[in-house]
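Trainee: I am sharing protein_22.txt, which consists of compact mmCIF, N, CA and C atoms:
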# COMPACT_ATOMS: atom_id res chain seq x y z
N MET A 274 13.03 29.73 -66.75
CA MET A 274 13.31 28.31 -66.57
C MET A 274 12.10 27.51 -67.03
N SER A 275 12.32 26.48 -67.82
CA SER A 275 11.22 25.65 -68.31
C SER A 275 10.66 24.79 -67.18
N ALA A 276 9.44 24.33 -67.38
CA ALA A 276 8.81 23.47 -66.38
C ALA A 276 9.65 22.21 -66.15
N GLN A 277 10.16 21.62 -67.21
CA GLN A 277 10.96 20.39 -67.07
C GLN A 277 12.23 20.66 -66.27
N ALA A 278 12.89 21.75 -66.55
CA ALA A 278 14.11 22.09 -65.81
C ALA A 278 13.79 22.32 -64.33
N ARG A 279 12.69 23.00 -64.07
CA ARG A 279 12.28 23.25 -62.68
C ARG A 279 11.97 21.94 -61.97
N LEU A 280 11.26 21.04 -62.65
CA LEU A 280 10.90 19.76 -62.04
C LEU A 280 12.13 18.88 -61.82
N GLN A 281 13.08 18.92 -62.71
CA GLN A 281 14.31 18.15 -62.53
C GLN A 281 15.06 18.66 -61.30
N LYS A 282 15.09 19.96 -61.12
CA LYS A 282 15.73 20.56 -59.95
C LYS A 282 15.00 20.13 -58.67
N GLU A 283 13.68 20.14 -58.70
CA GLU A 283 12.90 19.75 -57.53
C GLU A 283 13.08 18.26 -57.23
N TYR A 284 13.19 17.44 -58.27
CA TYR A 284 13.41 16.00 -58.06
C TYR A 284 14.75 15.76 -57.35
N ILE A 285 15.78 16.46 -57.76
CA ILE A 285 17.09 16.33 -57.11
C ILE A 285 16.97 16.73 -55.64
N SER A 286 16.25 17.79 -55.37
CA SER A 286 16.03 18.23 -54.00
C SER A 286 15.28 17.17 -53.18
N LEU A 287 14.28 16.53 -53.80
CA LEU A 287 13.52 15.49 -53.10
C LEU A 287 14.37 14.26 -52.80
N GLN A 288 15.36 13.99 -53.62
CA GLN A 288 16.25 12.86 -53.36
C GLN A 288 17.13 13.13 -52.15
N LYS A 289 17.46 14.38 -51.93
CA LYS A 289 18.29 14.75 -50.79
C LYS A 289 17.49 14.82 -49.49
N GLU A 290 16.26 15.33 -49.59
CA GLU A 290 15.41 15.51 -48.42
C GLU A 290 14.07 14.83 -48.67
N LYS A 291 13.95 13.60 -48.22
CA LYS A 291 12.76 12.79 -48.47
C LYS A 291 11.52 13.37 -47.78
N ILE A 292 10.36 13.11 -48.37
CA ILE A 292 9.09 13.48 -47.78
C ILE A 292 8.60 12.29 -46.95
N PRO A 293 8.30 12.50 -45.66
CA PRO A 293 7.81 11.38 -44.85
C PRO A 293 6.51 10.81 -45.46
N TYR A 294 6.39 9.52 -45.43
CA TYR A 294 5.19 8.80 -45.88
C TYR A 294 4.95 8.85 -47.38
N ALA A 295 5.89 9.35 -48.17
CA ALA A 295 5.64 9.49 -49.61
C ALA A 295 6.86 9.07 -50.42
N PHE A 296 6.56 8.52 -51.59
CA PHE A 296 7.58 8.19 -52.58
C PHE A 296 7.10 8.79 -53.89
N THR A 297 7.94 9.56 -54.55
CA THR A 297 7.58 10.19 -55.81
C THR A 297 8.60 9.83 -56.88
N LEU A 298 8.11 9.75 -58.11
CA LEU A 298 8.99 9.41 -59.22
C LEU A 298 8.42 10.00 -60.50
N PRO A 299 9.21 10.82 -61.21
CA PRO A 299 8.72 11.34 -62.49
C PRO A 299 8.72 10.26 -63.56
N ASP A 300 7.81 10.39 -64.50
CA ASP A 300 7.79 9.50 -65.66
C ASP A 300 9.02 9.82 -66.50
N PRO A 301 9.92 8.87 -66.75
CA PRO A 301 11.15 9.19 -67.47
C PRO A 301 10.92 9.67 -68.91
N SER A 302 9.78 9.35 -69.49
CA SER A 302 9.50 9.81 -70.86
C SER A 302 8.72 11.12 -70.88
N ASN A 303 8.23 11.58 -69.72
CA ASN A 303 7.47 12.82 -69.66
C ASN A 303 7.61 13.42 -68.25
N TRP A 304 8.49 14.37 -68.09
CA TRP A 304 8.76 14.96 -66.78
C TRP A 304 7.57 15.74 -66.23
N LEU A 305 6.55 15.98 -67.02
CA LEU A 305 5.37 16.68 -66.52
C LEU A 305 4.40 15.75 -65.81
N THR A 306 4.67 14.44 -65.84
CA THR A 306 3.83 13.46 -65.15
C THR A 306 4.66 12.78 -64.07
N TRP A 307 4.18 12.86 -62.83
CA TRP A 307 4.86 12.21 -61.70
C TRP A 307 3.91 11.21 -61.07
N HIS A 308 4.47 10.11 -60.62
CA HIS A 308 3.73 9.09 -59.88
C HIS A 308 4.10 9.22 -58.41
N PHE A 309 3.13 8.93 -57.55
CA PHE A 309 3.43 8.99 -56.12
C PHE A 309 2.73 7.84 -55.39
N VAL A 310 3.31 7.45 -54.27
CA VAL A 310 2.73 6.46 -53.37
C VAL A 310 2.80 7.03 -51.96
N LEU A 311 1.67 7.06 -51.28
CA LEU A 311 1.62 7.43 -49.86
C LEU A 311 1.54 6.13 -49.08
N HIS A 312 2.36 6.00 -48.05
CA HIS A 312 2.46 4.73 -47.30
C HIS A 312 2.82 5.01 -45.85
N SER A 313 2.64 4.02 -45.00
CA SER A 313 3.02 4.09 -43.58
C SER A 313 2.46 5.32 -42.89
N LEU A 314 1.24 5.68 -43.26
CA LEU A 314 0.61 6.86 -42.70
C LEU A 314 0.11 6.61 -41.28
N PRO A 315 -0.02 7.67 -40.49
CA PRO A 315 -0.59 7.50 -39.15
C PRO A 315 -2.09 7.22 -39.22
N ASN A 316 -2.68 6.89 -38.09
CA ASN A 316 -4.13 6.62 -38.02
C ASN A 316 -4.92 7.76 -38.63
N PRO A 317 -6.00 7.52 -39.29
CA PRO A 317 -6.71 6.25 -39.50
C PRO A 317 -6.29 5.51 -40.77
N TYR A 318 -5.18 5.88 -41.36
CA TYR A 318 -4.73 5.29 -42.63
C TYR A 318 -3.55 4.34 -42.46
N THR A 319 -3.39 3.78 -41.28
CA THR A 319 -2.19 3.02 -40.89
C THR A 319 -1.76 1.97 -41.90
N ASN A 320 -2.65 1.13 -42.36
CA ASN A 320 -2.27 0.05 -43.28
C ASN A 320 -2.54 0.37 -44.74
N GLY A 321 -2.88 1.60 -45.02
CA GLY A 321 -3.20 1.97 -46.39
C GLY A 321 -1.97 2.30 -47.23
N VAL A 322 -2.08 2.00 -48.51
CA VAL A 322 -1.09 2.40 -49.51
C VAL A 322 -1.88 3.04 -50.65
N TYR A 323 -1.53 4.26 -50.99
CA TYR A 323 -2.32 5.03 -51.94
C TYR A 323 -1.45 5.47 -53.11
N TYR A 324 -1.88 5.16 -54.31
CA TYR A 324 -1.14 5.48 -55.53
C TYR A 324 -1.85 6.57 -56.29
N GLY A 325 -1.08 7.48 -56.87
CA GLY A 325 -1.68 8.54 -57.66
C GLY A 325 -0.71 9.14 -58.66
N ILE A 326 -1.23 10.10 -59.41
CA ILE A 326 -0.45 10.78 -60.45
C ILE A 326 -0.61 12.28 -60.27
N ILE A 327 0.50 12.98 -60.42
CA ILE A 327 0.49 14.45 -60.44
C ILE A 327 0.81 14.85 -61.87
N GLN A 328 -0.05 15.67 -62.46
CA GLN A 328 0.14 16.14 -63.83
C GLN A 328 0.46 17.63 -63.80
N PHE A 329 1.69 17.96 -64.14
CA PHE A 329 2.12 19.35 -64.20
C PHE A 329 1.81 19.91 -65.59
N THR A 330 1.66 21.21 -65.66
CA THR A 330 1.42 21.87 -66.94
C THR A 330 2.75 22.43 -67.47
N PRO A 331 2.85 22.68 -68.77
CA PRO A 331 4.07 23.29 -69.31
C PRO A 331 4.36 24.67 -68.72
N SER A 332 3.34 25.32 -68.16
CA SER A 332 3.54 26.65 -67.57
C SER A 332 3.83 26.58 -66.07
N TYR A 333 4.06 25.37 -65.54
CA TYR A 333 4.40 25.23 -64.12
C TYR A 333 5.66 26.04 -63.83
N PRO A 334 5.75 26.78 -62.74
CA PRO A 334 4.89 26.82 -61.57
C PRO A 334 3.79 27.87 -61.61
N SER A 335 3.63 28.58 -62.72
CA SER A 335 2.57 29.59 -62.80
C SER A 335 1.19 28.97 -62.68
N THR A 336 1.02 27.77 -63.21
CA THR A 336 -0.25 27.06 -63.14
C THR A 336 -0.07 25.84 -62.25
N PRO A 337 -0.95 25.64 -61.27
CA PRO A 337 -0.76 24.51 -60.36
C PRO A 337 -1.01 23.17 -61.06
N PRO A 338 -0.40 22.11 -60.55
CA PRO A 338 -0.61 20.78 -61.13
C PRO A 338 -1.96 20.21 -60.71
N SER A 339 -2.41 19.18 -61.43
CA SER A 339 -3.59 18.43 -61.00
C SER A 339 -3.10 17.12 -60.37
N MET A 340 -3.89 16.60 -59.46
CA MET A 340 -3.50 15.39 -58.76
C MET A 340 -4.68 14.43 -58.74
N LYS A 341 -4.41 13.16 -59.07
CA LYS A 341 -5.42 12.12 -59.05
C LYS A 341 -4.94 11.00 -58.16
N VAL A 342 -5.76 10.60 -57.20
CA VAL A 342 -5.48 9.41 -56.40
C VAL A 342 -6.21 8.27 -57.07
N LEU A 343 -5.48 7.26 -57.51
CA LEU A 343 -6.06 6.18 -58.29
C LEU A 343 -6.42 4.95 -57.46
N THR A 344 -6.01 4.92 -56.20
CA THR A 344 -6.38 3.81 -55.33
C THR A 344 -7.85 3.96 -54.96
N PRO A 345 -8.65 2.91 -55.16
CA PRO A 345 -10.07 3.03 -54.80
C PRO A 345 -10.26 3.15 -53.28
N ASN A 346 -11.33 3.82 -52.89
CA ASN A 346 -11.65 3.97 -51.45
C ASN A 346 -12.16 2.68 -50.91
Would you kindly transcribe this structure into structure tokens?
Mentor:
Amino acid sequence: MSAQARLQKEYISLQKEKIPYAFTLPDPSNWLTWHFVLHSLPNPYTNGVYYGIIQFTPSYPSTPPSMKVLTPN
């Protein structure tokens, strides 16, 4: 199974069973790049909203993705 096919399957699963405090969305032009927002977190991050990118590799899931949080501290 290709990485894109695997990620599409995982995205469908995420739509059915949401992750608490998180919103994820793949880049429609590149399924190997996903955007995420963490929100409504418990203390000490109560009012924080954090944006980041997950970059999957073409060999996913054999190789783990990289993750960057782009919201400044």
Trainee: Check the smallest atom-to-atom distance from each of A:Pro317, A:Arg279, A:Val322, A:His308 to A:Tyr294 using only C-alpha atoms, then report the winner.
Mentor: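 Ranked by minimum distance to A:Tyr294, first place goes to A:Val322.
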Trainee: Quick one: of A:Thr297, A:Ser339, A:Gln277, A:Thr330, who's nearest to A:Leu311, counting all atoms listed in the file?
Mentor: A:Thr297
Trainee: Which of chain A counts as strand (DSSP E) under DSSP, as an MDAnalysis selection string please?
Mentor: chainID A and resid 295:300 303:311 323:328 339:342
Trainee: Need to verify the contact set: A:Val310, 8 Å, all atoms listed in the file, exclusion of same-chain residues closer than 2 positions in sequence. Can you return it as a list in words?
Mentor: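 My list of contacting residues is Tyr294, Ala295, Phe296, Thr297, Leu298, Trp307, His308, His312, Ser313, Val322, Tyr323, Tyr324, Gly325 and Ile326 of chain A.
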Trainee: I'd like the interatomic distance between atom N of A:Phe309 and atom N of A:Ile285, to a tenth of an Å.
Mentor: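 Taking atom N of A:Phe309 and atom N of A:Ile285, their separation equals 14.7 Å.
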Trainee: In Å to one decimal, how far is atom C of A:Lys289 from atom N of A:Val342?
Mentor: 24.9 Å
Trainee: If we count all atoms listed in the file and set the cut-off at 6 Å, which residues sit around A:Ala276, ignoring sequence neighbours fewer than 6 positions away in its own chain? Please answer as number ranges by chain.
Mentor: A: 331-334
Trainee: Smallest atom-to-atom distance to A:Pro293: which of A:Ser275, A:Gln281, A:Pro315, A:Leu305, using only C-alpha atoms?
Mentor: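 Between A:Ser275, A:Gln281, A:Pro315, A:Leu305, the residue approaching A:Pro293 most closely is A:Pro315.
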Trainee: In Å, rounded to a single decimal, give me how far atom N of A:Glu283 is from atom CA of A:Ile327.
Mentor: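 For atom CA of A:Ile327 relative to atom N of A:Glu283, the distance reads 14.5 Å.
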Trainee: As a list in words, please: every residue in chain A that a backbone DSSP assignment puts in helix (DSSP H, G or I).
Mentor: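 Restricting chain A to helix (DSSP H, G or I) produces Ala276, Gln277, Ala278, Arg279, Leu280, Gln281, Lys282, Glu283, Tyr284, Ile285, Ser286, Leu287, Gln288 and Lys289 of chain A.
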Trainee: Return the single residue from A:Phe329, A:Pro337, A:Leu343, A:Gly321 that is closest to A:Trp304, with distances computed using only N, CA and C atoms.
Mentor: A:Phe329
Trainee: To box stretch 305-322 of chain A, take all atoms listed in the file, fit an axis-aligned box, add 4 Å on each side, and give centre and edge lengths in Å to one decimal, as AutoDock Vina command-line options.
Mentor:
--center_x -0.1 --center_y 8.4 --center_z -52.5 --size_x 21.3 --size_y 24.6 --size_z 37.0
Trainee: Working from the structure I just supplied, which lacks atoms in stretch 289-300 of chain A, can you model all heavy atoms there and output them as a compact mmCIF listing (two decimals), in the frame of the given file?
Mentor:
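For reference, result-v1.txt as written:
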# COMPACT_ATOMS: atom_id res chain seq x y z
N LYS A 289 17.46 14.38 -51.93
CA LYS A 289 18.29 14.75 -50.79
C LYS A 289 17.49 14.82 -49.49
O LYS A 289 17.98 14.48 -48.42
CB LYS A 289 18.97 16.09 -51.05
CG LYS A 289 19.99 16.03 -52.17
CD LYS A 289 20.58 17.39 -52.44
CE LYS A 289 21.52 17.35 -53.62
NZ LYS A 289 21.99 18.68 -53.99
N GLU A 290 16.26 15.33 -49.59
CA GLU A 290 15.41 15.51 -48.42
C GLU A 290 14.07 14.83 -48.67
O GLU A 290 13.18 15.40 -49.30
CB GLU A 290 15.20 17.00 -48.13
CG GLU A 290 14.52 17.26 -46.83
CD GLU A 290 14.48 18.74 -46.50
OE1 GLU A 290 15.43 19.46 -46.85
OE2 GLU A 290 13.48 19.15 -45.89
N LYS A 291 13.95 13.60 -48.22
CA LYS A 291 12.76 12.79 -48.47
C LYS A 291 11.52 13.37 -47.78
O LYS A 291 11.61 14.00 -46.74
CB LYS A 291 12.98 11.35 -47.99
CG LYS A 291 14.19 10.67 -48.57
CD LYS A 291 13.94 10.24 -49.98
CE LYS A 291 15.14 9.44 -50.48
NZ LYS A 291 15.11 9.18 -51.87
N ILE A 292 10.36 13.11 -48.37
CA ILE A 292 9.09 13.48 -47.78
C ILE A 292 8.60 12.29 -46.95
O ILE A 292 8.50 11.18 -47.47
CB ILE A 292 8.04 13.80 -48.87
CG1 ILE A 292 8.51 14.96 -49.73
CG2 ILE A 292 6.69 14.10 -48.25
CD1 ILE A 292 7.63 15.21 -50.94
N PRO A 293 8.30 12.50 -45.66
CA PRO A 293 7.81 11.38 -44.85
C PRO A 293 6.51 10.81 -45.46
O PRO A 293 5.67 11.57 -45.94
CB PRO A 293 7.52 12.00 -43.49
CG PRO A 293 8.25 13.31 -43.50
CD PRO A 293 8.38 13.74 -44.92
N TYR A 294 6.39 9.52 -45.43
CA TYR A 294 5.19 8.80 -45.88
C TYR A 294 4.95 8.85 -47.38
O TYR A 294 3.89 8.47 -47.85
CB TYR A 294 3.93 9.30 -45.17
CG TYR A 294 4.04 9.45 -43.69
CD1 TYR A 294 3.95 10.69 -43.08
CD2 TYR A 294 4.26 8.33 -42.89
CE1 TYR A 294 4.05 10.83 -41.70
CE2 TYR A 294 4.36 8.46 -41.51
CZ TYR A 294 4.26 9.71 -40.92
OH TYR A 294 4.37 9.81 -39.56
N ALA A 295 5.89 9.35 -48.17
CA ALA A 295 5.64 9.49 -49.61
C ALA A 295 6.86 9.07 -50.42
O ALA A 295 8.00 9.24 -50.01
CB ALA A 295 5.28 10.93 -49.94
N PHE A 296 6.56 8.52 -51.59
CA PHE A 296 7.58 8.19 -52.58
C PHE A 296 7.10 8.79 -53.89
O PHE A 296 5.95 8.59 -54.29
CB PHE A 296 7.73 6.67 -52.71
CG PHE A 296 8.69 6.26 -53.78
CD1 PHE A 296 10.05 6.36 -53.58
CD2 PHE A 296 8.23 5.79 -55.00
CE1 PHE A 296 10.95 5.98 -54.58
CE2 PHE A 296 9.11 5.42 -56.00
CZ PHE A 296 10.47 5.52 -55.79
N THR A 297 7.94 9.56 -54.55
CA THR A 297 7.58 10.19 -55.81
C THR A 297 8.60 9.83 -56.88
O THR A 297 9.78 9.65 -56.60
CB THR A 297 7.53 11.73 -55.68
OG1 THR A 297 8.81 12.20 -55.26
CG2 THR A 297 6.47 12.17 -54.70
N LEU A 298 8.11 9.75 -58.11
CA LEU A 298 8.99 9.41 -59.22
C LEU A 298 8.42 10.00 -60.50
O LEU A 298 7.27 9.74 -60.86
CB LEU A 298 9.10 7.89 -59.36
CG LEU A 298 10.13 7.37 -60.34
CD1 LEU A 298 11.54 7.72 -59.90
CD2 LEU A 298 9.99 5.87 -60.47
N PRO A 299 9.21 10.82 -61.21
CA PRO A 299 8.72 11.34 -62.49
C PRO A 299 8.72 10.26 -63.56
O PRO A 299 9.53 9.34 -63.52
CB PRO A 299 9.72 12.45 -62.83
CG PRO A 299 10.93 12.17 -62.02
CD PRO A 299 10.50 11.36 -60.84
N ASP A 300 7.81 10.39 -64.50
CA ASP A 300 7.79 9.50 -65.66
C ASP A 300 9.02 9.82 -66.50
O ASP A 300 9.19 10.96 -66.92
CB ASP A 300 6.51 9.74 -66.45
CG ASP A 300 6.34 8.81 -67.64
OD1 ASP A 300 7.35 8.38 -68.22
OD2 ASP A 300 5.19 8.53 -67.99
